[in-house]
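Okay, entry28.txt now, which holds compact mmCIF, C-alpha atoms:
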```txt
# COMPACT_ATOMS: atom_id res chain seq x y z
CA GLU A 256 -8.67 47.50 -21.54
CA LEU A 257 -6.07 44.75 -21.92
CA ALA A 258 -3.41 46.82 -20.17
CA ARG A 259 -5.79 47.50 -17.27
CA LEU A 260 -6.55 43.78 -16.92
CA GLU A 261 -2.84 42.95 -16.96
CA SER A 262 -2.22 45.51 -14.21
CA GLN A 263 -4.99 44.06 -12.05
CA LEU A 264 -3.74 40.51 -12.56
CA ALA A 265 -0.16 41.51 -11.84
CA ALA A 266 -1.19 43.09 -8.54
CA GLU A 267 -3.12 39.99 -7.55
CA TYR A 268 -0.18 37.81 -8.58
CA ASP A 269 2.25 39.85 -6.46
CA ALA A 270 -0.03 39.46 -3.46
CA LEU A 271 -0.16 35.68 -3.96
CA ALA A 272 3.61 35.45 -4.36
CA ASP A 273 4.05 37.17 -1.00
CA LYS A 274 2.07 34.41 0.75
CA GLY A 275 4.96 31.94 0.54
CA LEU A 276 2.97 29.08 -0.94
CA ALA A 277 4.68 25.70 -1.41
CA LEU A 278 2.29 23.52 -3.42
CA ASP A 279 3.22 20.59 -5.66
CA LEU A 280 1.29 19.48 -8.76
CA THR A 281 4.26 17.94 -10.55
CA ARG A 282 3.58 14.20 -10.55
CA GLY A 283 0.63 11.88 -10.26
CA LYS A 284 1.31 10.55 -6.79
CA PRO A 285 -1.32 8.98 -4.55
CA SER A 286 -2.15 11.06 -1.51
CA PRO A 287 -1.50 9.81 2.05
CA GLU A 288 -5.26 9.17 2.36
CA GLN A 289 -5.07 6.86 -0.64
CA LEU A 290 -2.05 5.02 0.71
CA ASP A 291 -3.89 4.55 4.01
CA LEU A 292 -6.52 2.52 2.14
CA SER A 293 -3.92 -0.24 1.75
CA GLU A 294 -2.50 -0.14 5.26
CA ARG A 295 -3.64 -3.72 5.93
CA LEU A 296 -1.06 -4.87 3.38
CA LEU A 297 1.64 -4.15 5.94
CA SER A 298 0.43 -7.11 8.03
CA LEU A 299 0.11 -9.50 5.09
CA PRO A 300 0.68 -12.29 4.29
CA GLY A 301 1.48 -12.71 7.98
CA GLU A 302 3.61 -15.02 10.05
CA GLY A 303 3.15 -18.63 8.98
CA ASP A 304 1.31 -17.70 5.77
CA HIS A 305 3.84 -18.42 3.08
CA ALA A 306 2.34 -21.13 0.89
CA ALA A 307 0.64 -20.43 -2.43
CA GLY A 308 -0.37 -23.84 -3.73
CA LYS A 309 2.86 -25.84 -3.70
CA THR A 310 5.00 -22.70 -3.80
CA ASP A 311 6.88 -21.50 -0.74
CA VAL A 312 6.96 -17.78 -1.47
CA ARG A 313 9.98 -17.30 0.80
CA ASN A 314 12.26 -19.19 -1.58
CA TYR A 315 13.79 -18.77 -5.01
CA GLY A 316 12.00 -19.45 -8.27
CA GLY A 317 8.61 -18.73 -9.76
CA GLY A 318 9.81 -16.34 -12.42
CA ALA A 319 6.31 -15.88 -13.84
CA GLY A 320 4.87 -14.90 -10.45
CA LEU A 321 2.08 -16.34 -8.33
CA PRO A 322 -0.86 -17.83 -10.26
CA GLU A 323 -3.32 -16.60 -7.58
CA LEU A 324 -2.49 -12.95 -8.23
CA ARG A 325 -2.07 -13.39 -11.97
CA SER A 326 -5.61 -14.74 -12.24
CA ILE A 327 -7.01 -11.66 -10.48
CA ILE A 328 -5.25 -9.27 -12.85
CA ALA A 329 -6.08 -11.42 -15.88
CA GLU A 330 -9.79 -11.00 -15.16
CA LEU A 331 -9.35 -7.21 -14.98
CA LEU A 332 -7.48 -7.22 -18.30
CA GLY A 333 -9.90 -9.64 -19.95
CA VAL A 334 -7.23 -12.24 -20.79
CA GLU A 335 -6.45 -15.81 -19.78
CA ALA A 336 -4.43 -16.18 -16.57
CA ASP A 337 -1.64 -18.05 -18.33
CA ARG A 338 -1.14 -14.99 -20.53
CA VAL A 339 -0.14 -12.78 -17.57
CA ILE A 340 3.07 -12.81 -15.57
CA ALA A 341 3.67 -10.93 -12.29
CA GLN A 342 6.93 -9.14 -11.57
CA ASP A 343 8.24 -6.61 -9.07
CA ASN A 344 6.93 -3.16 -8.28
CA ALA A 345 7.25 -1.10 -11.49
CA SER A 346 5.69 -1.66 -14.90
CA LEU A 347 8.16 0.98 -16.09
CA SER A 348 10.91 -1.58 -15.42
CA ILE A 349 9.10 -4.11 -17.61
CA MET A 350 8.80 -1.57 -20.42
CA TYR A 351 12.47 -0.69 -20.14
CA ASP A 352 13.36 -4.39 -20.22
CA LEU A 353 11.17 -5.01 -23.27
CA LEU A 354 12.91 -2.36 -25.33
CA THR A 355 16.36 -3.17 -23.96
CA PHE A 356 16.00 -6.90 -24.71
CA SER A 357 14.84 -5.97 -28.21
CA MET A 358 17.85 -3.72 -28.66
CA LEU A 359 20.27 -6.42 -27.53
CA PHE A 360 18.67 -9.55 -28.95
CA GLY A 361 15.74 -8.65 -31.19
CA THR A 362 12.18 -9.91 -30.72
CA PRO A 363 10.81 -13.33 -31.77
CA ASP A 364 9.90 -11.70 -35.11
CA SER A 365 13.16 -9.79 -35.68
CA GLN A 366 15.74 -10.58 -38.30
CA ARG A 367 18.46 -9.12 -36.09
CA ALA A 368 18.97 -7.20 -32.86
CA TRP A 369 17.50 -3.72 -33.02
CA LYS A 370 20.89 -2.23 -32.17
CA ASP A 371 22.11 -3.54 -35.53
CA GLU A 372 19.43 -1.69 -37.48
CA PRO A 373 20.74 1.38 -39.33
CA VAL A 374 17.90 3.57 -37.98
CA LEU A 375 15.29 3.04 -35.25
CA ARG A 376 12.12 5.08 -34.90
CA TRP A 377 9.15 5.00 -32.54
CA LEU A 378 5.69 6.59 -32.66
CA CYS A 379 4.70 8.78 -29.71
CA PRO A 380 1.08 9.96 -29.35
CA VAL A 381 1.13 13.49 -27.94
CA PRO A 382 0.47 14.83 -25.41
CA GLY A 383 1.91 11.72 -23.77
CA TYR A 384 3.79 10.24 -20.82
CA ASP A 385 7.25 11.70 -20.27
CA ARG A 386 8.72 8.53 -18.76
CA HIS A 387 7.84 6.61 -21.93
CA PHE A 388 9.76 9.17 -23.92
CA ASN A 389 12.68 8.95 -21.51
CA ILE A 390 13.08 5.25 -22.33
CA THR A 391 13.15 5.65 -26.10
CA GLU A 392 15.41 8.68 -25.86
CA ALA A 393 17.84 6.88 -23.54
CA LEU A 394 18.09 3.99 -26.00
CA GLY A 395 18.75 6.30 -28.93
CA ILE A 396 15.46 5.58 -30.69
CA GLU A 397 14.20 8.50 -32.76
CA MET A 398 10.74 9.60 -31.63
CA ILE A 399 8.00 10.69 -34.02
CA PRO A 400 5.07 12.56 -32.46
CA VAL A 401 1.53 11.85 -33.69
CA PRO A 402 -1.52 13.80 -32.47
CA LEU A 403 -3.67 12.23 -29.76
CA GLY A 404 -7.38 13.02 -29.74
CA PRO A 405 -10.12 12.11 -27.25
CA THR A 406 -10.61 8.64 -28.82
CA GLY A 407 -6.99 7.81 -29.64
CA PRO A 408 -4.14 8.78 -31.92
CA ASP A 409 -4.57 10.10 -35.46
CA MET A 410 -4.85 6.69 -37.11
CA ASP A 411 -4.60 7.99 -40.66
CA GLU A 412 -1.18 9.39 -39.77
CA VAL A 413 -0.17 6.28 -37.81
CA GLU A 414 -1.09 3.94 -40.66
CA ARG A 415 0.65 6.15 -43.22
CA LEU A 416 3.88 6.15 -41.21
CA VAL A 417 4.08 2.46 -40.29
CA SER A 418 3.07 1.12 -43.70
CA ASN A 419 6.09 2.54 -45.52
CA ASP A 420 8.91 2.78 -42.99
CA PRO A 421 10.50 -0.46 -41.67
CA SER A 422 12.63 1.56 -39.24
CA ILE A 423 9.50 2.33 -37.19
CA LYS A 424 9.61 -0.52 -34.68
CA GLY A 425 6.86 0.42 -32.29
CA MET A 426 4.54 2.81 -30.55
CA TRP A 427 3.67 3.97 -27.06
CA CYS A 428 -0.02 3.77 -26.07
CA VAL A 429 -1.92 4.49 -22.85
CA PRO A 430 -5.32 3.29 -24.09
CA ILE A 431 -7.49 3.97 -21.04
CA PHE A 432 -7.47 7.38 -19.33
CA ALA A 433 -4.29 8.39 -21.13
CA ASN A 434 -1.64 10.44 -19.40
CA PRO A 435 -2.19 13.41 -19.42
CA THR A 436 -5.40 13.98 -21.42
CA GLY A 437 -7.62 11.21 -20.05
CA ALA A 438 -8.36 9.97 -23.58
CA VAL A 439 -9.91 6.52 -23.95
CA TYR A 440 -9.21 4.69 -27.21
CA ASP A 441 -12.46 3.72 -28.93
CA ASP A 442 -13.15 0.34 -30.57
CA HIS A 443 -12.43 1.64 -34.06
CA THR A 444 -9.01 2.92 -33.06
CA VAL A 445 -8.11 -0.29 -31.23
CA SER A 446 -9.18 -2.38 -34.22
CA ARG A 447 -7.08 -0.32 -36.61
CA LEU A 448 -4.03 -0.61 -34.35
CA ALA A 449 -4.45 -4.38 -34.18
CA ARG A 450 -5.02 -4.89 -37.90
CA MET A 451 -2.85 -2.27 -39.62
CA ALA A 452 -0.10 -3.40 -41.97
CA THR A 453 3.41 -2.42 -40.89
CA ALA A 454 6.63 -2.37 -42.90
CA ALA A 455 8.52 -3.71 -39.86
CA PRO A 456 7.64 -7.39 -39.24
CA ASP A 457 8.62 -6.99 -35.58
CA PHE A 458 6.52 -3.88 -34.92
CA ARG A 459 5.38 -3.68 -31.29
CA ILE A 460 2.78 -1.61 -29.42
CA VAL A 461 3.49 -1.00 -25.75
CA TRP A 462 -0.06 -1.11 -24.38
CA ASP A 463 0.44 0.63 -21.04
CA ASN A 464 -2.79 0.00 -19.15
CA ALA A 465 -1.63 1.93 -16.09
CA TYR A 466 -5.13 3.28 -15.38
CA VAL A 467 -7.29 0.32 -16.37
CA VAL A 468 -9.29 0.42 -13.09
CA HIS A 469 -8.66 4.03 -12.08
CA THR A 470 -12.15 5.39 -12.62
CA LEU A 471 -13.42 8.76 -11.41
CA THR A 472 -17.02 7.68 -11.99
CA GLU A 473 -19.03 4.75 -10.68
CA ASP A 474 -18.31 2.73 -13.82
CA PHE A 475 -15.22 0.88 -14.97
CA PRO A 476 -14.13 1.14 -18.60
CA LYS A 477 -14.45 -1.61 -21.17
CA VAL A 478 -11.11 -3.37 -21.72
CA PRO A 479 -10.56 -4.55 -25.32
CA ASP A 480 -9.01 -7.95 -26.02
CA VAL A 481 -6.17 -6.64 -28.16
CA ASP A 482 -4.31 -9.95 -28.38
CA THR A 483 -7.26 -11.71 -29.99
CA LEU A 484 -7.85 -8.84 -32.41
CA ALA A 485 -4.19 -8.83 -33.41
CA ALA A 486 -3.97 -12.62 -33.72
CA GLU A 487 -7.05 -12.69 -35.96
CA ALA A 488 -5.33 -10.13 -38.19
CA GLY A 489 -2.16 -12.22 -38.38
CA HIS A 490 -0.15 -10.15 -35.87
CA PRO A 491 -0.22 -12.33 -32.72
CA ASN A 492 2.87 -10.76 -31.15
CA ARG A 493 2.02 -7.10 -31.76
CA PHE A 494 0.95 -6.03 -28.27
CA TRP A 495 3.01 -5.82 -25.10
CA GLN A 496 0.46 -5.02 -22.38
CA VAL A 497 1.62 -3.84 -18.95
CA CYS A 498 0.01 -2.58 -15.76
CA SER A 499 0.76 -2.48 -12.04
CA THR A 500 -0.71 -1.92 -8.60
CA SER A 501 1.43 1.21 -8.11
CA LYS A 502 -1.57 3.53 -7.84
CA ILE A 503 -3.82 0.82 -6.41
CA THR A 504 -1.91 -0.13 -3.24
CA PHE A 505 1.55 1.25 -2.39
CA ALA A 506 3.33 3.12 -5.14
CA GLY A 507 6.73 2.03 -3.89
CA ALA A 508 5.83 -1.57 -3.06
CA GLY A 509 3.39 -2.79 -5.66
CA VAL A 510 3.38 -5.58 -8.24
CA SER A 511 3.74 -5.14 -12.01
CA PHE A 512 2.26 -7.33 -14.74
CA PHE A 513 3.03 -8.22 -18.34
CA SER A 514 0.43 -9.72 -20.66
CA ALA A 515 1.20 -10.82 -24.21
CA SER A 516 1.25 -13.75 -26.63
CA ARG A 517 2.87 -16.98 -25.50
CA ALA A 518 5.81 -16.33 -27.82
CA ASN A 519 6.36 -12.88 -26.31
CA LEU A 520 6.09 -14.20 -22.74
CA ASP A 521 8.53 -17.04 -23.36
CA TRP A 522 10.96 -14.60 -24.97
CA TYR A 523 10.69 -12.18 -22.04
CA LEU A 524 11.02 -14.83 -19.35
CA GLY A 525 13.97 -16.34 -21.16
CA HIS A 526 15.86 -13.08 -20.72
CA THR A 527 14.62 -12.23 -17.23
CA SER A 528 15.66 -15.68 -15.98
CA VAL A 529 19.24 -14.58 -16.63
CA ARG A 530 18.72 -11.30 -14.82
CA SER A 531 16.75 -12.59 -11.81
CA ILE A 532 16.00 -15.81 -9.90
CA GLY A 533 12.41 -14.70 -9.35
CA PRO A 534 10.29 -11.75 -8.26
CA ASN A 535 9.13 -10.82 -4.76
CA LYS A 536 6.53 -13.53 -4.25
CA VAL A 537 5.97 -12.59 -0.60
CA ASN A 538 4.62 -9.24 -1.77
CA GLN A 539 2.60 -10.94 -4.48
CA LEU A 540 0.98 -13.24 -1.92
CA ALA A 541 0.23 -10.23 0.28
CA HIS A 542 -1.58 -8.58 -2.63
CA ALA A 543 -3.51 -11.75 -3.44
CA ARG A 544 -4.67 -11.97 0.17
CA PHE A 545 -5.50 -8.25 0.25
CA PHE A 546 -7.62 -8.23 -2.92
CA GLY A 547 -9.20 -11.68 -2.70
CA ASP A 548 -10.50 -11.46 -6.25
CA ALA A 549 -11.05 -9.03 -9.12
CA ASP A 550 -14.15 -7.60 -7.47
CA GLY A 551 -11.99 -6.83 -4.45
CA VAL A 552 -9.78 -4.70 -6.68
CA ARG A 553 -12.80 -2.88 -8.09
CA ALA A 554 -14.23 -2.20 -4.63
CA HIS A 555 -10.85 -0.91 -3.50
CA MET A 556 -10.64 1.44 -6.48
CA LEU A 557 -14.05 2.90 -5.71
CA ARG A 558 -12.65 3.88 -2.32
CA HIS A 559 -9.81 5.62 -4.15
CA ARG A 560 -12.43 7.41 -6.22
CA GLU A 561 -14.06 8.76 -3.08
CA VAL A 562 -10.77 10.42 -2.17
CA ILE A 563 -9.66 11.86 -5.49
CA ALA A 564 -12.83 12.57 -7.48
CA PRO A 565 -13.60 15.65 -5.34
CA LYS A 566 -10.10 16.95 -6.12
CA PHE A 567 -10.72 16.71 -9.86
CA GLU A 568 -14.06 18.45 -9.40
CA ALA A 569 -12.42 21.19 -7.33
CA ALA A 570 -9.68 21.61 -9.92
CA ALA A 571 -12.18 22.01 -12.74
CA ALA A 572 -14.25 24.47 -10.71
CA ALA A 573 -11.20 26.58 -9.83
CA LEU A 574 -10.04 26.72 -13.44
CA ALA A 575 -13.53 27.59 -14.64
CA HIS A 576 -13.88 30.33 -12.03
CA ARG A 577 -10.58 31.91 -12.98
CA LEU A 578 -10.58 31.35 -16.75
CA GLY A 579 -14.16 30.67 -17.77
CA GLU A 580 -14.99 34.16 -19.02
CA TYR A 581 -11.80 34.43 -21.10
CA ASP A 582 -10.94 32.60 -24.31
CA VAL A 583 -7.37 31.80 -23.26
CA ALA A 584 -7.42 28.19 -22.07
CA ARG A 585 -9.23 24.88 -22.11
CA TRP A 586 -8.77 21.78 -20.02
CA THR A 587 -9.81 18.15 -20.01
CA ARG A 588 -12.50 16.69 -17.75
CA PRO A 589 -11.27 13.07 -17.48
CA GLU A 590 -13.45 10.21 -16.27
CA GLY A 591 -10.45 8.41 -14.83
CA GLY A 592 -6.71 8.44 -14.43
CA TYR A 593 -4.55 10.94 -12.58
CA PHE A 594 -4.16 14.04 -14.73
CA ILE A 595 -5.70 17.12 -16.32
CA ASP A 596 -4.28 18.50 -19.55
CA LEU A 597 -4.40 22.30 -19.58
CA GLU A 598 -4.08 23.99 -22.97
CA VAL A 599 -3.11 27.65 -22.78
CA VAL A 600 -2.52 30.27 -25.45
CA ASP A 601 0.16 29.16 -27.90
CA GLY A 602 3.60 30.24 -26.78
CA THR A 603 2.65 30.81 -23.13
CA ALA A 604 2.93 27.41 -21.39
CA THR A 605 6.58 27.90 -20.37
CA GLU A 606 5.82 31.36 -19.00
CA THR A 607 2.75 30.07 -17.14
CA VAL A 608 4.85 27.37 -15.46
CA ARG A 609 7.54 29.92 -14.57
CA LEU A 610 5.03 32.33 -13.05
CA ALA A 611 3.41 29.50 -11.06
CA LYS A 612 6.77 28.38 -9.70
CA GLU A 613 7.63 31.89 -8.52
CA ALA A 614 4.22 32.06 -6.83
CA GLY A 615 4.93 28.80 -4.98
CA VAL A 616 3.13 26.23 -7.17
CA ALA A 617 5.40 23.59 -8.74
CA LEU A 618 4.25 22.18 -12.08
CA THR A 619 5.70 19.66 -14.50
CA PRO A 620 7.89 21.54 -17.01
CA ALA A 621 6.07 22.75 -20.10
CA GLY A 622 6.85 20.40 -22.96
CA SER A 623 7.25 17.32 -20.76
CA ALA A 624 4.30 15.66 -22.51
CA TYR A 625 6.25 15.73 -25.79
CA PRO A 626 9.33 13.86 -27.06
CA TYR A 627 12.58 15.60 -26.14
CA GLY A 628 10.58 17.97 -23.91
CA LYS A 629 9.64 20.15 -26.88
CA ASP A 630 6.02 21.15 -27.36
CA PRO A 631 6.15 22.93 -30.74
CA GLU A 632 3.23 25.19 -29.80
CA ASP A 633 4.33 25.66 -26.16
CA ARG A 634 0.72 25.08 -25.22
CA HIS A 635 0.26 22.03 -22.96
CA ILE A 636 0.65 21.82 -19.18
CA ARG A 637 0.07 18.60 -17.23
CA LEU A 638 -1.73 19.09 -13.91
CA ALA A 639 -1.72 16.41 -11.20
CA PRO A 640 -4.31 17.09 -8.49
CA THR A 641 -4.20 13.81 -6.53
CA LEU A 642 -1.44 14.39 -3.98
CA PRO A 643 -2.30 17.70 -2.23
CA PRO A 644 -5.18 18.05 0.24
CA LEU A 645 -8.44 19.31 -1.27
CA ALA A 646 -8.02 22.88 -0.05
CA GLU A 647 -4.53 23.04 -1.54
CA VAL A 648 -5.82 21.74 -4.87
CA GLU A 649 -8.31 24.60 -5.01
CA THR A 650 -5.62 27.17 -4.18
CA ALA A 651 -3.05 25.72 -6.55
CA MET A 652 -5.46 25.55 -9.49
CA ASP A 653 -6.54 29.13 -8.90
CA VAL A 654 -2.88 30.18 -9.02
CA VAL A 655 -2.35 28.22 -12.22
CA GLY A 656 -5.38 29.86 -13.78
CA LEU A 657 -4.17 33.30 -12.75
CA CYS A 658 -0.72 32.62 -14.20
CA ALA A 659 -2.18 31.37 -17.48
CA LEU A 660 -4.32 34.48 -17.77
CA LEU A 661 -1.45 36.80 -16.88
CA ALA A 662 0.85 35.11 -19.39
CA ALA A 663 -1.83 35.41 -22.08
CA CYS A 664 -2.32 39.13 -21.38
CA ARG A 665 1.40 39.85 -21.48
CA GLY A 666 1.79 37.86 -24.67
CA ALA A 667 -1.03 39.79 -26.32
CA LEU A 668 0.41 43.13 -25.20
CA ALA A 669 3.82 42.15 -26.54
CA ASP A 670 2.26 41.41 -29.93
```
Can you give me the file's structure in the form of structure tokens?
Amino acid sequence: ELARLESQLAAEYDALADKGLALDLTRGKPSPEQLDLSERLLSLPGEGDHAAGKTDVRNYGGGAGLPELRSIIAELLGVEADRVIAQDNASLSIMYDLLTFSMLFGTPDSQRAWKDEPVLRWLCPVPGYDRHFNITEALGIEMIPVPLGPTGPDMDEVERLVSNDPSIKGMWCVPIFANPTGAVYDDHTVSRLARMATAAPDFRIVWDNAYVVHTLTEDFPKVPDVDTLAAEAGHPNRFWQVCSTSKITFAGAGVSFFSASRANLDWYLGHTSVRSIGPNKVNQLAHARFFGDADGVRAHMLRHREVIAPKFEAAAAALAHRLGEYDVARWTRPEGGYFIDLEVVDGTATETVRLAKEAGVALTPAGSAYPYGKDPEDRHIRLAPTLPPLAEVETAMDVVGLCALLAACRGALAD
């Protein structure tokens, strides 16, 4: 029976491979239709519109960014406006700076620069974001994976690790619609992260709120006030919160934001003032004009939802149609964010990705959601359905499902 199914699937796969498909599900990029939603930005702020209060945005200075835009983002994050700074287009750059400054100079709570520590370690909830892992790997920080569930990381394991090991200096977190599973940290998890005792006095949590307003439903998620929770527990500098407009307006021409304690902000701006004489305030003013206020951002994101929610629905339907009757895979049904996490039979993710590539569907390499690119079970595949047109999403997901099923059959026959 299994051999007959494998033969049928192989024949169908060969027919698909002959079609010359060229479909891309590798990264969570906005589609052209999404980018078109922000087309008006290209005419903003407009000739003669270059004053934000007493600031001439065409000139040097203003290292913390425009207050008008900072106040909009602060409302979305649930923090005071003076606890947010606005920078250039990529929050990834802020995160890289945060760790690099810590390596070179230490944090406000450090006894010495991190580079002078004998060993450095970092906690990495998995499956997680590969670009986070790239930063810690590039800086020579040892990464320790901890399991990520639907409501956050395994906190028993997190607390056990950080309480006894002063070399563990921090942790990556995507608390809302996590990449790639769509997990949303619940209140209990957030409270434990804010209050837990750590052996390192300068322990930091990078709170990457990349998808804070990226809902796939009609509702926006609750945003916890992590700074207040941490300050009440005696850890006022624990959280480094970042976000950006990269998947809100133009991915290549957005604005990034950093929210933290006053001590953390002063420390960060002290170092960035050496590196830069100020961010792109013209672009920041354009975004302030474009959004108007926080409700303007929310309304804009609901238009994004109209474009991409059908793609997530089509992806789930295609996977269910292809795989639903077989016990070989499961996948997440996120309520926001940009990704689907597909779990296949242990030991078959790499083969599934290879088969998909040869059939003309490009996927993120298996293991990319794990430190050092090594998924110990070879089980997880990140799927990104936002970029292709709807019809291509349906086709690509059907191919992925076929490849997962074929890889599972061949693995079972080999056993």
Practice problem: Could you tell me which of A:His559, A:Arg450, A:Arg459, A:His443 comes closest to A:Ala515 if we count all atoms listed in the file? | Solution: A:Arg459
Which residues are close to stretch 311-321 of chain A, i.e. within 12 Å by all atoms listed in the file, leaving aside same-chain residues fewer than 3 positions away? Reply as a tab-separated table (two decimals) with C-alpha atoms, keeping the file's coordinate frame.
```tsv
chain	number	residue	atom	x	y	z
A	300	PRO	CA	0.68	-12.29	4.29
A	302	GLU	CA	3.61	-15.02	10.05
A	303	GLY	CA	3.15	-18.63	8.98
A	304	ASP	CA	1.31	-17.70	5.77
A	305	HIS	CA	3.84	-18.42	3.08
A	306	ALA	CA	2.34	-21.13	0.89
A	307	ALA	CA	0.64	-20.43	-2.43
A	308	GLY	CA	-0.37	-23.84	-3.73
A	324	LEU	CA	-2.49	-12.95	-8.23
A	325	ARG	CA	-2.07	-13.39	-11.97
A	326	SER	CA	-5.61	-14.74	-12.24
A	327	ILE	CA	-7.01	-11.66	-10.48
A	328	ILE	CA	-5.25	-9.27	-12.85
A	336	ALA	CA	-4.43	-16.18	-16.57
A	337	ASP	CA	-1.64	-18.05	-18.33
A	338	ARG	CA	-1.14	-14.99	-20.53
A	339	VAL	CA	-0.14	-12.78	-17.57
A	340	ILE	CA	3.07	-12.81	-15.57
A	341	ALA	CA	3.67	-10.93	-12.29
A	342	GLN	CA	6.93	-9.14	-11.57
A	343	ASP	CA	8.24	-6.61	-9.07
A	510	VAL	CA	3.38	-5.58	-8.24
A	511	SER	CA	3.74	-5.14	-12.01
A	512	PHE	CA	2.26	-7.33	-14.74
A	513	PHE	CA	3.03	-8.22	-18.34
A	514	SER	CA	0.43	-9.72	-20.66
A	520	LEU	CA	6.09	-14.20	-22.74
A	521	ASP	CA	8.53	-17.04	-23.36
A	523	TYR	CA	10.69	-12.18	-22.04
A	524	LEU	CA	11.02	-14.83	-19.35
A	525	GLY	CA	13.97	-16.34	-21.16
A	526	HIS	CA	15.86	-13.08	-20.72
A	527	THR	CA	14.62	-12.23	-17.23
A	528	SER	CA	15.66	-15.68	-15.98
A	529	VAL	CA	19.24	-14.58	-16.63
A	530	ARG	CA	18.72	-11.30	-14.82
A	531	SER	CA	16.75	-12.59	-11.81
A	532	ILE	CA	16.00	-15.81	-9.90
A	533	GLY	CA	12.41	-14.70	-9.35
A	534	PRO	CA	10.29	-11.75	-8.26
A	535	ASN	CA	9.13	-10.82	-4.76
A	536	LYS	CA	6.53	-13.53	-4.25
A	537	VAL	CA	5.97	-12.59	-0.60
A	538	ASN	CA	4.62	-9.24	-1.77
A	539	GLN	CA	2.60	-10.94	-4.48
A	540	LEU	CA	0.98	-13.24	-1.92
A	541	ALA	CA	0.23	-10.23	0.28
A	542	HIS	CA	-1.58	-8.58	-2.63
A	543	ALA	CA	-3.51	-11.75	-3.44
A	544	ARG	CA	-4.67	-11.97	0.17
```
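With distances restricted to only C-alpha atoms, A:Cys379 is the closest residue to A:Tyr625 from A:Ala266, A:Cys379, A:Ala438, A:Leu578.
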Practice problem: Compile the contact shell of stretch 268-282 of chain A as a list in words: residues with an atom at most 8 Å away, counting only C-alpha atoms, same-chain residues fewer than 3 positions apart removed. | Solution: Leu264, Ala265, Glu613, Ala614, Gly615, Val616, Ala617, Leu618, Thr619, Arg637, Leu638, Ala639, Pro640, Leu642, Pro643, Glu647, Ala651, Val654, Leu657 and Cys658 of chain A
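Coordinates place atom CA of A:Asp670 at a distance of 26.0 Å from atom CA of A:Ala575.
Using all atoms listed in the file, the smallest distance between any of A:Val648, A:Gly361, A:Asp480, A:Gly579 and A:Pro565 comes from A:Val648.
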